[in-house]
file target34.csv (CSV, C-alpha atoms)
chain,number,residue,atom,x,y,z
O,1,MET,CA,-30.4,-61.1,-83.6
O,2,LYS,CA,-31.3,-64.4,-85.2
O,3,TYR,CA,-28.9,-66.8,-86.9
O,4,ASP,CA,-29.8,-70.1,-88.7
O,5,THR,CA,-26.8,-72.0,-87.3
O,6,PRO,CA,-24.3,-71.5,-84.4
O,7,LEU,CA,-21.4,-70.9,-86.7
O,8,GLU,CA,-23.2,-68.0,-88.3
O,9,ALA,CA,-23.2,-66.3,-84.9
O,10,VAL,CA,-19.4,-65.6,-85.2
O,11,GLY,CA,-18.6,-61.9,-85.2
O,12,ASN,CA,-20.9,-58.8,-84.9
O,13,THR,CA,-19.7,-58.4,-81.3
O,14,PRO,CA,-20.6,-55.4,-79.1
O,15,LEU,CA,-18.4,-52.3,-78.8
O,16,VAL,CA,-18.7,-50.8,-75.4
O,17,GLY,CA,-17.5,-47.5,-73.9
O,18,LEU,CA,-15.5,-47.6,-70.7
O,19,PRO,CA,-16.2,-44.3,-68.9
O,20,ARG,CA,-14.5,-45.1,-65.6
O,21,LEU,CA,-11.2,-46.3,-67.1
O,22,SER,CA,-11.3,-43.4,-69.5
O,23,ALA,CA,-11.7,-40.9,-66.7
O,24,SER,CA,-8.8,-42.5,-64.8
O,25,ILE,CA,-6.3,-41.4,-67.5
O,26,ASP,CA,-4.0,-38.6,-66.3
O,27,GLY,CA,-4.7,-35.3,-68.0
O,28,ASN,CA,-8.1,-36.5,-69.4
O,29,GLU,CA,-10.3,-34.3,-67.2
O,30,ALA,CA,-12.1,-32.9,-70.2
O,31,GLY,CA,-12.9,-36.4,-71.4
O,32,ALA,CA,-11.4,-36.1,-74.9
O,33,VAL,CA,-9.8,-39.5,-74.6
O,34,ARG,CA,-12.3,-42.4,-74.7
O,35,LEU,CA,-11.6,-46.1,-74.4
O,36,TRP,CA,-13.8,-48.6,-76.1
O,37,ALA,CA,-13.8,-52.4,-75.7
O,38,LYS,CA,-14.6,-54.8,-78.5
O,39,LEU,CA,-16.1,-57.8,-76.7
O,40,GLU,CA,-14.7,-60.7,-78.6
O,41,ASP,CA,-15.5,-63.1,-75.8
O,42,ARG,CA,-19.1,-62.9,-77.1
O,43,ASN,CA,-18.2,-65.3,-80.0
O,44,PRO,CA,-19.6,-68.8,-79.8
O,45,THR,CA,-16.6,-70.5,-78.1
O,46,GLY,CA,-15.8,-67.4,-76.1
O,47,SER,CA,-12.8,-65.9,-78.0
O,48,ILE,CA,-11.8,-63.7,-80.9
O,49,LYS,CA,-10.3,-66.8,-82.5
O,50,ASP,CA,-13.7,-68.0,-83.7
O,51,ARG,CA,-13.3,-65.5,-86.5
O,52,PRO,CA,-10.0,-66.7,-88.1
O,53,ALA,CA,-10.7,-70.3,-87.3
O,54,LEU,CA,-14.0,-70.4,-89.1
O,55,HIS,CA,-12.7,-68.2,-92.0
O,56,MET,CA,-9.6,-70.4,-92.5
O,57,ILE,CA,-11.8,-73.6,-92.5
O,58,GLU,CA,-14.3,-72.2,-94.9
O,59,GLN,CA,-11.7,-70.8,-97.3
O,60,ALA,CA,-9.8,-74.2,-97.2
O,61,GLU,CA,-13.1,-76.0,-98.0
O,62,ALA,CA,-13.8,-73.5,-100.8
O,63,ASP,CA,-10.5,-74.2,-102.5
O,64,GLY,CA,-10.6,-77.9,-102.0
O,65,ARG,CA,-7.8,-78.2,-99.4
O,66,LEU,CA,-10.2,-79.5,-96.8
O,67,THR,CA,-12.6,-82.4,-97.7
O,68,PRO,CA,-14.9,-84.5,-95.6
O,69,GLY,CA,-13.0,-86.9,-93.3
O,70,CYS,CA,-9.8,-84.8,-93.2
O,71,THR,CA,-7.7,-84.4,-90.1
O,72,VAL,CA,-7.0,-80.8,-89.1
O,73,LEU,CA,-3.7,-80.0,-87.3
O,74,GLU,CA,-2.8,-76.8,-85.5
O,75,PRO,CA,-0.2,-75.4,-83.1
O,76,THR,CA,-2.1,-73.3,-80.6
O,77,SER,CA,-1.8,-72.0,-77.1
O,78,GLY,CA,-5.5,-72.7,-76.7
O,79,ASN,CA,-8.1,-70.4,-78.2
O,80,THR,CA,-7.5,-71.1,-81.9
O,81,GLY,CA,-7.5,-74.8,-81.1
O,82,ILE,CA,-10.8,-74.5,-79.2
O,83,SER,CA,-12.4,-72.5,-82.1
O,84,LEU,CA,-11.1,-75.0,-84.7
O,85,ALA,CA,-12.2,-77.9,-82.6
O,86,MET,CA,-15.8,-76.6,-82.4
O,87,ALA,CA,-16.0,-75.9,-86.1
O,88,ALA,CA,-14.3,-79.3,-86.9
O,89,LYS,CA,-16.8,-81.1,-84.7
O,90,LEU,CA,-19.8,-79.5,-86.4
O,91,LYS,CA,-18.3,-80.0,-89.9
O,92,GLY,CA,-17.0,-83.6,-89.3
O,93,TYR,CA,-13.3,-83.2,-89.2
O,94,ARG,CA,-10.8,-84.8,-86.8
O,95,MET,CA,-8.9,-82.2,-84.9
O,96,VAL,CA,-5.3,-82.5,-83.5
O,97,CYS,CA,-3.8,-79.6,-81.5
O,98,VAL,CA,-0.2,-79.1,-80.5
O,99,MET,CA,-0.2,-77.0,-77.3
O,100,PRO,CA,2.6,-75.9,-74.8
O,101,GLU,CA,2.3,-78.0,-71.6
O,102,ASN,CA,2.5,-74.8,-69.4
O,103,THR,CA,-1.0,-73.6,-70.4
O,104,SER,CA,-4.0,-73.7,-68.1
O,105,GLU,CA,-5.8,-77.0,-67.4
O,106,GLU,CA,-9.1,-75.4,-68.6
O,107,ARG,CA,-7.7,-75.1,-72.1
O,108,ARG,CA,-6.8,-78.7,-72.4
O,109,GLU,CA,-10.2,-79.7,-70.9
O,110,LEU,CA,-12.1,-77.5,-73.4
O,111,LEU,CA,-10.2,-79.0,-76.3
O,112,ARG,CA,-11.0,-82.5,-75.1
O,113,MET,CA,-14.6,-81.5,-74.6
O,114,TRP,CA,-14.9,-80.5,-78.3
O,115,GLY,CA,-13.3,-83.8,-79.2
O,116,ALA,CA,-9.8,-82.6,-80.1
O,117,GLU,CA,-6.7,-84.6,-79.5
O,118,VAL,CA,-4.1,-82.7,-77.6
O,119,ILE,CA,-0.4,-83.3,-78.2
O,120,PRO,CA,1.6,-81.4,-75.5
O,121,SER,CA,4.8,-79.6,-76.6
O,122,PRO,CA,7.6,-78.8,-74.1
O,123,ALA,CA,7.1,-75.7,-72.0
O,124,ALA,CA,10.6,-74.4,-73.1
O,125,GLY,CA,10.1,-72.1,-76.0
O,126,GLY,CA,6.4,-71.8,-75.5
O,127,SER,CA,4.4,-71.3,-78.7
O,128,ASN,CA,7.5,-71.3,-80.8
O,129,THR,CA,8.1,-74.9,-79.8
O,130,ALA,CA,4.5,-75.8,-80.5
O,131,VAL,CA,4.9,-74.5,-84.0
O,132,ARG,CA,8.0,-76.5,-84.5
O,133,VAL,CA,6.4,-79.7,-83.2
O,134,ALA,CA,3.3,-79.1,-85.4
O,135,LYS,CA,5.5,-78.6,-88.5
O,136,GLU,CA,7.3,-81.9,-87.8
O,137,LEU,CA,4.0,-83.7,-87.4
O,138,ALA,CA,2.7,-82.1,-90.7
O,139,ALA,CA,5.8,-83.5,-92.5
O,140,GLU,CA,5.2,-87.0,-91.0
O,141,HIS,CA,1.5,-86.9,-92.0
O,142,PRO,CA,1.2,-85.3,-95.4
O,143,ASP,CA,-2.5,-86.1,-95.5
O,144,TRP,CA,-3.2,-83.9,-92.4
O,145,VAL,CA,-4.3,-80.3,-93.2
O,146,MET,CA,-2.4,-77.7,-91.1
O,147,LEU,CA,-4.3,-74.4,-91.5
O,148,TYR,CA,-1.3,-72.7,-89.8
O,149,GLN,CA,-2.7,-69.5,-88.3
O,150,TYR,CA,0.8,-67.9,-88.2
O,151,GLY,CA,1.1,-67.8,-92.0
O,152,ASN,CA,-2.4,-68.2,-93.3
O,153,PRO,CA,-3.6,-65.0,-95.0
O,154,ASP,CA,-7.2,-66.0,-94.2
O,155,ASN,CA,-6.4,-65.4,-90.5
O,156,ALA,CA,-5.8,-61.7,-91.2
O,157,GLY,CA,-8.5,-61.9,-93.9
O,158,ALA,CA,-11.2,-62.7,-91.3
O,159,HIS,CA,-10.4,-59.4,-89.4
O,160,TYR,CA,-10.1,-57.4,-92.6
O,161,ALA,CA,-13.6,-58.6,-93.7
O,162,GLY,CA,-15.2,-58.7,-90.2
O,163,THR,CA,-13.6,-57.1,-87.2
O,164,GLY,CA,-12.4,-54.0,-89.0
O,165,PRO,CA,-15.6,-53.0,-90.8
O,166,GLU,CA,-17.6,-53.6,-87.6
O,167,ILE,CA,-15.4,-51.2,-85.6
O,168,LEU,CA,-15.6,-48.5,-88.3
O,169,ALA,CA,-19.4,-48.9,-88.6
O,170,ASP,CA,-19.9,-48.6,-84.8
O,171,LEU,CA,-17.3,-45.8,-84.3
O,172,PRO,CA,-16.4,-43.8,-87.4
O,173,SER,CA,-14.4,-41.4,-85.1
O,174,VAL,CA,-11.9,-44.2,-84.2
O,175,THR,CA,-8.3,-42.9,-83.8
O,176,HIS,CA,-6.5,-45.9,-82.3
O,177,PHE,CA,-6.8,-49.7,-82.5
O,178,VAL,CA,-5.0,-51.8,-79.9
O,179,ALA,CA,-4.8,-55.6,-80.0
O,180,GLY,CA,-2.5,-58.4,-78.9
O,181,LEU,CA,0.5,-59.5,-81.1
O,182,GLY,CA,0.5,-63.3,-81.3
O,183,THR,CA,-0.1,-64.6,-84.8
O,184,THR,CA,-0.4,-60.9,-85.7
O,185,GLY,CA,-3.6,-61.8,-87.7
O,186,THR,CA,-5.9,-59.4,-85.8
O,187,LEU,CA,-3.5,-56.4,-86.1
O,188,MET,CA,-2.7,-57.1,-89.7
O,189,GLY,CA,-6.3,-57.6,-90.8
O,190,VAL,CA,-8.0,-54.8,-88.8
O,191,GLY,CA,-4.9,-52.6,-89.3
O,192,ARG,CA,-4.9,-52.8,-93.1
O,193,PHE,CA,-8.6,-52.2,-93.2
O,194,LEU,CA,-8.6,-49.1,-90.9
O,195,ARG,CA,-5.5,-47.7,-92.6
O,196,GLU,CA,-7.4,-47.7,-95.9
O,197,LYS,CA,-10.4,-46.0,-94.4
O,198,VAL,CA,-9.3,-43.8,-91.6
O,199,PRO,CA,-6.5,-41.2,-92.3
O,200,GLY,CA,-4.0,-40.9,-89.4
O,201,ILE,CA,-5.2,-44.1,-87.6
O,202,THR,CA,-2.8,-45.4,-85.0
O,203,ILE,CA,-2.4,-49.2,-84.9
O,204,VAL,CA,-0.9,-50.4,-81.6
O,205,ALA,CA,0.4,-53.9,-80.8
O,206,ALA,CA,0.6,-55.3,-77.3
O,207,GLU,CA,3.1,-58.1,-76.9
O,208,PRO,CA,3.3,-60.4,-73.8
O,209,ARG,CA,6.5,-60.1,-71.9
O,210,TYR,CA,7.1,-63.1,-69.7
O,211,ASP,CA,9.0,-63.2,-66.5
O,212,ASP,CA,12.6,-64.4,-66.3
O,213,LEU,CA,11.4,-67.8,-65.3
O,214,VAL,CA,9.9,-68.4,-68.7
O,215,TYR,CA,12.5,-66.4,-70.5
O,216,GLY,CA,15.2,-68.3,-68.9
O,217,LEU,CA,14.1,-71.4,-70.6
O,218,ARG,CA,14.3,-69.8,-74.0
O,219,ASN,CA,17.0,-70.0,-76.5
O,220,LEU,CA,17.7,-66.5,-77.8
O,221,ASP,CA,18.3,-67.8,-81.3
O,222,GLU,CA,14.8,-69.1,-81.4
O,223,GLY,CA,13.1,-65.8,-82.1
O,224,PHE,CA,10.1,-66.5,-84.3
O,225,VAL,CA,8.3,-64.0,-86.4
O,226,PRO,CA,5.0,-65.1,-87.8
O,227,GLU,CA,4.9,-65.1,-91.6
O,228,LEU,CA,1.8,-62.9,-91.5
O,229,TYR,CA,3.7,-60.1,-89.7
O,230,ASP,CA,4.3,-56.9,-91.6
O,231,ALA,CA,5.8,-54.2,-89.3
O,232,SER,CA,4.6,-51.4,-91.7
O,233,VAL,CA,1.0,-52.0,-90.6
O,234,LEU,CA,1.8,-51.1,-87.0
O,235,SER,CA,2.3,-47.6,-85.7
O,236,THR,CA,3.8,-48.7,-82.4
O,237,ARG,CA,4.4,-51.7,-80.2
O,238,PHE,CA,4.2,-52.2,-76.5
O,239,SER,CA,5.8,-55.0,-74.5
O,240,VAL,CA,3.7,-55.7,-71.4
O,241,GLY,CA,4.9,-57.7,-68.4
O,242,SER,CA,2.9,-60.1,-66.3
O,243,ALA,CA,2.4,-57.6,-63.5
O,244,ASP,CA,0.9,-55.0,-65.8
O,245,ALA,CA,-1.2,-57.6,-67.6
O,246,VAL,CA,-2.6,-58.8,-64.3
O,247,ARG,CA,-3.2,-55.3,-63.0
O,248,GLY,CA,-5.1,-54.4,-66.2
O,249,THR,CA,-7.2,-57.5,-66.1
O,250,ARG,CA,-8.2,-56.8,-62.4
O,251,ASP,CA,-8.9,-53.1,-63.2
O,252,LEU,CA,-11.1,-54.0,-66.1
O,253,LEU,CA,-13.1,-56.2,-63.7
O,254,GLN,CA,-13.2,-53.8,-60.7
O,255,GLN,CA,-13.9,-50.6,-62.6
O,256,GLU,CA,-16.0,-51.7,-65.6
O,257,GLY,CA,-17.3,-55.1,-64.6
O,258,ILE,CA,-15.7,-56.8,-67.6
O,259,PHE,CA,-14.4,-60.3,-66.8
O,260,ALA,CA,-11.6,-60.8,-69.3
O,261,GLY,CA,-8.6,-63.1,-69.8
O,262,VAL,CA,-5.1,-62.0,-68.9
O,263,SER,CA,-3.9,-61.1,-72.4
O,264,THR,CA,-6.7,-58.5,-72.5
O,265,GLY,CA,-5.2,-56.9,-69.4
O,266,ALA,CA,-2.0,-56.5,-71.4
O,267,ILE,CA,-3.9,-54.9,-74.3
O,268,LEU,CA,-5.6,-52.5,-71.9
O,269,HIS,CA,-2.2,-51.5,-70.5
O,270,ALA,CA,-1.1,-50.5,-74.0
O,271,ALA,CA,-4.4,-48.8,-74.6
O,272,LEU,CA,-3.9,-46.7,-71.4
O,273,GLY,CA,-0.4,-46.0,-72.5
O,274,VAL,CA,-1.5,-44.4,-75.8
O,275,GLY,CA,-4.4,-42.8,-74.0
O,276,ARG,CA,-2.0,-41.0,-71.6
O,277,LYS,CA,0.1,-39.8,-74.6
O,278,ALA,CA,-3.0,-38.4,-76.4
O,279,ALA,CA,-4.2,-36.7,-73.2
O,280,LYS,CA,-0.7,-35.2,-72.6
O,281,ALA,CA,-0.6,-33.9,-76.2
O,282,GLY,CA,-4.1,-32.5,-75.8
O,283,GLU,CA,-5.5,-34.6,-78.6
O,284,ARG,CA,-8.9,-36.2,-79.0
O,285,ALA,CA,-8.8,-40.0,-79.1
O,286,ASP,CA,-11.3,-42.8,-79.5
O,287,ILE,CA,-9.2,-45.9,-78.6
O,288,VAL,CA,-10.7,-49.3,-79.5
O,289,PHE,CA,-9.1,-52.3,-77.9
O,290,VAL,CA,-9.8,-56.0,-78.2
O,291,VAL,CA,-11.2,-58.1,-75.3
O,292,ALA,CA,-9.7,-61.3,-76.7
O,293,ASP,CA,-11.5,-63.7,-74.4
O,294,GLY,CA,-13.3,-64.0,-71.1
O,295,GLY,CA,-11.6,-64.9,-67.8
O,296,TRP,CA,-13.2,-68.3,-67.5
O,297,LYS,CA,-10.1,-70.2,-68.7
O,298,TYR,CA,-7.9,-68.5,-66.2
O,299,LEU,CA,-10.0,-68.8,-63.1
O,300,SER,CA,-7.8,-71.6,-61.7
O,301,THR,CA,-4.9,-69.2,-61.6
O,302,GLY,CA,-6.6,-67.3,-58.8
O,303,ILE,CA,-5.7,-63.9,-60.2
O,304,TYR,CA,-9.2,-62.4,-60.0
O,305,THR,CA,-9.7,-62.9,-56.3
O,306,ALA,CA,-6.1,-62.7,-55.1
O,307,ALA,CA,-5.8,-60.1,-52.3
O,308,SER,CA,-3.4,-57.9,-54.2
O,309,THR,CA,-1.9,-57.6,-57.6
O,310,GLU,CA,1.4,-58.9,-56.2
O,311,ASP,CA,-0.3,-62.0,-55.0
O,312,ALA,CA,-2.0,-62.4,-58.3
O,313,VAL,CA,1.3,-62.1,-60.2
O,314,GLU,CA,2.8,-64.6,-57.9
O,315,ALA,CA,-0.1,-67.0,-58.8
O,316,LEU,CA,0.7,-66.6,-62.5
O,317,GLN,CA,4.4,-67.3,-62.3
O,318,GLY,CA,5.8,-69.4,-65.1
O,319,GLN,CA,2.5,-69.7,-67.0
O,320,LEU,CA,1.9,-68.7,-70.6
O,321,TRP,CA,-1.0,-66.3,-70.4
O,322,ALA,CA,-1.2,-65.2,-74.0
M,1,MET,CA,16.1,-36.6,-63.3
M,2,ALA,CA,16.3,-40.3,-62.4
M,3,ILE,CA,15.1,-42.8,-64.9
M,4,GLU,CA,14.5,-46.4,-63.8
M,5,VAL,CA,16.2,-48.9,-66.1
M,6,ARG,CA,15.2,-52.6,-65.9
M,7,ILE,CA,18.1,-54.9,-66.7
M,8,PRO,CA,17.6,-58.4,-68.2
M,9,THR,CA,19.2,-61.4,-66.5
M,10,ILE,CA,21.8,-61.7,-69.3
M,11,LEU,CA,23.2,-58.2,-68.6
M,12,ARG,CA,23.1,-58.3,-64.8
M,13,THR,CA,26.8,-59.3,-64.7
M,14,TYR,CA,27.3,-55.5,-65.3
M,15,THR,CA,25.0,-54.4,-62.5
M,16,ASP,CA,26.2,-56.7,-59.7
M,17,GLY,CA,23.1,-58.7,-60.2
M,18,ALA,CA,20.7,-55.7,-59.8
M,19,LYS,CA,17.4,-56.2,-61.7
M,20,ALA,CA,17.0,-52.4,-62.0
M,21,VAL,CA,19.3,-49.4,-61.8
M,22,GLU,CA,18.9,-45.7,-62.0
M,23,GLY,CA,20.3,-43.4,-64.6
M,24,ASN,CA,20.2,-40.0,-66.2
M,25,GLY,CA,19.9,-38.6,-69.7
M,26,ALA,CA,17.8,-36.5,-71.9
M,27,THR,CA,17.9,-39.2,-74.6
M,28,LEU,CA,18.4,-42.9,-74.6
M,29,ASP,CA,21.8,-42.5,-76.0
M,30,ALA,CA,22.8,-40.2,-73.1
M,31,LEU,CA,21.2,-42.6,-70.6
M,32,PHE,CA,23.4,-45.5,-72.0
M,33,ALA,CA,26.5,-43.3,-71.7
M,34,ASP,CA,25.6,-42.5,-68.1
M,35,LEU,CA,25.0,-46.1,-67.3
M,36,ASP,CA,28.3,-47.1,-68.8
M,37,ALA,CA,30.1,-44.7,-66.5
M,38,ARG,CA,28.9,-46.8,-63.5
M,39,HIS,CA,28.6,-50.1,-65.2
M,40,PRO,CA,31.5,-50.2,-67.6
M,41,GLY,CA,30.9,-52.4,-70.7
M,42,ILE,CA,27.1,-52.3,-70.6
M,43,ARG,CA,26.8,-49.8,-73.4
M,44,ALA,CA,28.8,-51.9,-75.9
M,45,ARG,CA,26.2,-54.7,-75.3
M,46,LEU,CA,23.4,-52.4,-76.3
M,47,VAL,CA,24.8,-50.1,-79.0
M,48,ASP,CA,26.8,-50.8,-82.1
M,49,ALA,CA,28.0,-48.1,-84.5
M,50,GLY,CA,25.7,-45.6,-82.9
M,51,GLN,CA,22.6,-47.7,-83.3
M,52,LEU,CA,20.7,-50.1,-81.1
M,53,ARG,CA,22.0,-53.6,-81.6
M,54,ARG,CA,19.8,-55.8,-83.7
M,55,PHE,CA,19.0,-58.4,-81.0
M,56,VAL,CA,18.3,-55.9,-78.2
M,57,ASN,CA,14.9,-54.4,-77.6
M,58,VAL,CA,14.5,-51.3,-75.6
M,59,TYR,CA,11.2,-50.0,-74.3
M,60,LEU,CA,10.2,-46.6,-73.0
M,61,ASN,CA,7.3,-47.0,-70.6
M,62,ASP,CA,6.8,-50.4,-72.3
M,63,GLU,CA,6.7,-48.8,-75.8
M,64,ASP,CA,9.3,-50.2,-78.3
M,65,VAL,CA,11.7,-47.3,-79.0
M,66,ARG,CA,12.2,-48.5,-82.6
M,67,PHE,CA,8.7,-47.1,-83.2
M,68,LEU,CA,9.7,-43.9,-81.4
M,69,ASP,CA,13.1,-42.2,-82.2
M,70,GLY,CA,15.3,-45.2,-81.6
M,71,ILE,CA,18.5,-44.4,-79.7
M,72,ASN,CA,17.6,-40.7,-79.9
M,73,THR,CA,14.3,-41.1,-78.2
M,74,ALA,CA,13.8,-38.3,-75.7
M,75,LEU,CA,13.4,-39.2,-72.0
M,76,GLY,CA,11.5,-37.4,-69.3
M,77,GLU,CA,11.0,-37.5,-65.6
M,78,ASN,CA,9.6,-40.7,-64.1
M,79,ASP,CA,10.1,-42.6,-67.3
M,80,ALA,CA,10.9,-46.3,-67.1
M,81,VAL,CA,13.3,-48.0,-69.6
M,82,THR,CA,13.2,-51.7,-70.1
M,83,ILE,CA,16.0,-53.6,-71.9
M,84,LEU,CA,15.3,-57.1,-73.2
M,85,PRO,CA,17.0,-59.5,-75.5
M,86,ALA,CA,14.9,-60.0,-78.6
M,87,VAL,CA,13.0,-63.2,-78.6
M,88,ALA,CA,9.7,-64.4,-80.2
M,89,GLY,CA,8.4,-61.7,-82.5
M,90,GLY,CA,11.5,-59.7,-81.7
M,91,SER,CA,13.3,-56.9,-83.6
M,92,VAL,CA,12.7,-57.9,-87.2
call {"tool": "encode", "arguments": {"input": "target34.csv", "output": "structure tokens"}}
result
Amino acid sequence: MKYDTPLEAVGNTPLVGLPRLSASIDGNEAGAVRLWAKLEDRNPTGSIKDRPALHMIEQAEADGRLTPGCTVLEPTSGNTGISLAMAAKLKGYRMVCVMPENTSEERRELLRMWGAEVIPSPAAGGSNTAVRVAKELAAEHPDWVMLYQYGNPDNAGAHYAGTGPEILADLPSVTHFVAGLGTTGTLMGVGRFLREKVPGITIVAAEPRYDDLVYGLRNLDEGFVPELYDASVLSTRFSVGSADAVRGTRDLLQQEGIFAGVSTGAILHAALGVGRKAAKAGERADIVFVVADGGWKYLSTGIYTAASTEDAVEALQGQLWA
Amino acid sequence: MAIEVRIPTILRTYTDGAKAVEGNGATLDALFADLDARHPGIRARLVDAGQLRRFVNVYLNDEDVRFLDGINTALGENDAVTILPAVAGGSV
């Protein structure tokens, strides 16, 4: 494949079958349940967020919200900021990211590498607090442009126009789509597209569930639902704890050789959950799940080489991994 | 038919600090009644007017029961139930 510029290389990622993990599903001896991984780590900056970041920037340019010399502001736990920073650098914008302080050092280093300024937000409240801090900054600097991935329809639009059609073209027999629930953009965009095209499609969300250490810091009144979220697009929702996310990440590496980030382990856990249900019900299933990013940014946690899943979970204590 | 029930910190006052307890029941509703027999008061924190309370999320094998059959969700052997207070991206 040849592209004229690096930014044009966003999307058109491989969809790969996972025969070993599929065979590991209880009751799937006949092989009627198949798992497929959409390798979004193959995007230019290494994550699925290149899609919404580029689409949000280009739509904002098209309607005149973004003009040369503008400052772009975004609350991000990492990947969207990295994607926006790369696009901003190539297109000549200044980039300011608000990021929770309890995210990995690699993420901050990557943002700095692309020339972004990083404003840390308190660990308490995680991404919710980053959103609040970014909204305050946006109010103080009315000339800054906050693309705001949590409420920008072009976030979901990138997946409606790209990720969804790619999946359907590669696998017309798709029965389930599984992705992480953060901004909800991937699930809303791909979910809406597939619901229009594939009768009976099951759209599955995997949400991170942090340990008590992180929860303990949260204010229960702080529950934040992204403006993009529409529950009617989803068929079901899984809540995945750190241990299962880490186990999934390690299984993906050990059994299929796919080196993915921790949120992908959580998504795989949910995909295996719906796979087991399909196998138990004797139904055929082609389950597509998203590999949101590669494991590079999480290497310093030690989870890939820890002696046991328990040791790996211990290594991840207190960190935001999605 | 023992079902493992994971208890959030905020409700461990009812379980003598236990992070997980065992219970029985063919449905979630029956399980909560069974739990209340040994941990009096816990059901009222989870159920209101016969429905799950708004700011409580309950998961069967990590799947949100609101997308299954809610409080009438059927339970089976070796199932695991997780109770969580609703936070980011919670119940609405």
call {"tool": "interface_residues", "arguments": {"input": "target34.csv", "of": "chain M", "to": "chain O", "cutoff": "12 Å", "atoms": "all atoms listed in the file", "output": "MDAnalysis selection string"}}
result
chainID M and resid 6:10 19 55:69 81:92
call {"tool": "write_last_selection", "arguments": {"input": "target34.csv", "atoms": "C-alpha atoms", "output": "short mmCIF file (atom, residue, chain, number, x, y, z; two decimals), keeping the file's coordinate frame"}}
result
data_model
loop_
_atom_site.label_atom_id
_atom_site.label_comp_id
_atom_site.auth_asym_id
_atom_site.auth_seq_id
_atom_site.Cartn_x
_atom_site.Cartn_y
_atom_site.Cartn_z
CA ARG M 6 15.20 -52.60 -65.90
CA ILE M 7 18.10 -54.90 -66.70
CA PRO M 8 17.60 -58.40 -68.20
CA THR M 9 19.20 -61.40 -66.50
CA ILE M 10 21.80 -61.70 -69.30
CA LYS M 19 17.40 -56.20 -61.70
CA PHE M 55 19.00 -58.40 -81.00
CA VAL M 56 18.30 -55.90 -78.20
CA ASN M 57 14.90 -54.40 -77.60
CA VAL M 58 14.50 -51.30 -75.60
CA TYR M 59 11.20 -50.00 -74.30
CA LEU M 60 10.20 -46.60 -73.00
CA ASN M 61 7.30 -47.00 -70.60
CA ASP M 62 6.80 -50.40 -72.30
CA GLU M 63 6.70 -48.80 -75.80
CA ASP M 64 9.30 -50.20 -78.30
CA VAL M 65 11.70 -47.30 -79.00
CA ARG M 66 12.20 -48.50 -82.60
CA PHE M 67 8.70 -47.10 -83.20
CA LEU M 68 9.70 -43.90 -81.40
CA ASP M 69 13.10 -42.20 -82.20
CA VAL M 81 13.30 -48.00 -69.60
CA THR M 82 13.20 -51.70 -70.10
CA ILE M 83 16.00 -53.60 -71.90
CA LEU M 84 15.30 -57.10 -73.20
CA PRO M 85 17.00 -59.50 -75.50
CA ALA M 86 14.90 -60.00 -78.60
CA VAL M 87 13.00 -63.20 -78.60
CA ALA M 88 9.70 -64.40 -80.20
CA GLY M 89 8.40 -61.70 -82.50
CA GLY M 90 11.50 -59.70 -81.70
CA SER M 91 13.30 -56.90 -83.60
CA VAL M 92 12.70 -57.90 -87.20
#
call {"tool": "atom_distance", "arguments": {"input": "target34.csv", "atom1": "CA of Asp154 (chain O)", "atom2": "CA of Ala37 (chain O)"}}
result
23.9 Å
call {"tool": "residues_near_point", "arguments": {"input": "target34.csv", "point": "(-5.1, -64.8, -93.0)", "cutoff": "9 Å", "atoms": "only C-alpha atoms", "output": "number ranges by chain"}}
result
O: 52, 55-56, 149-160, 185, 188-189, 228
call {"tool": "residues_near_point", "arguments": {"input": "target34.csv", "point": "(-4.3, -49.7, -81.3)", "cutoff": "6 Å", "atoms": "all atoms listed in the file", "output": "number ranges by chain"}}
result
O: 176-178, 202-204
call {"tool": "atom_distance", "arguments": {"input": "target34.csv", "atom1": "CA of Glu166 (chain O)", "atom2": "CA of Leu111 (chain O)"}}
result
28.8 Å
call {"tool": "atom_distance", "arguments": {"input": "target34.csv", "atom1": "CA of Arg276 (chain O)", "atom2": "CA of Glu22 (chain M)"}}
result
23.5 Å
call {"tool": "residues_around", "arguments": {"input": "target34.csv", "residues": "Asn102 (chain O)", "least_positions_apart": "3", "cutoff": "10 Å", "atoms": "all atoms listed in the file", "output": "list in words"}}
result
Ser77, Met99, Glu105, Pro120, Ser121, Pro122, Ala123, Ala124, Gly126, Val214, Gly318, Gln319, Leu320 and Trp321 of chain O
call {"tool": "residues_around", "arguments": {"input": "target34.csv", "residues": "region 258-265 of chain O", "least_positions_apart": "6", "cutoff": "7 Å", "atoms": "only C-alpha atoms", "output": "JSON, numbers by chain"}}
result
{"O": [245, 246, 247, 248, 249, 252, 290, 291, 292, 293, 294, 295, 298, 321, 322]}
call {"tool": "residues_around", "arguments": {"input": "target34.csv", "residues": "region 16-28 of chain O", "least_positions_apart": "3", "cutoff": "6 Å", "atoms": "only C-alpha atoms", "output": "list of chain:residue names"}}
result
O:Gly31, O:Arg34, O:Leu35, O:Trp36, O:Ala37, O:Arg276, O:Ala279
call {"tool": "residues_around", "arguments": {"input": "target34.csv", "residues": "Thr45 (chain O)", "least_positions_apart": "4", "cutoff": "12 Å", "atoms": "all atoms listed in the file", "output": "PyMOL selection string"}}
result
chain O and resi 6-7+9-11+40-41+49-51+53-54+78-87+107+110-111+113-114+292-294+296-297
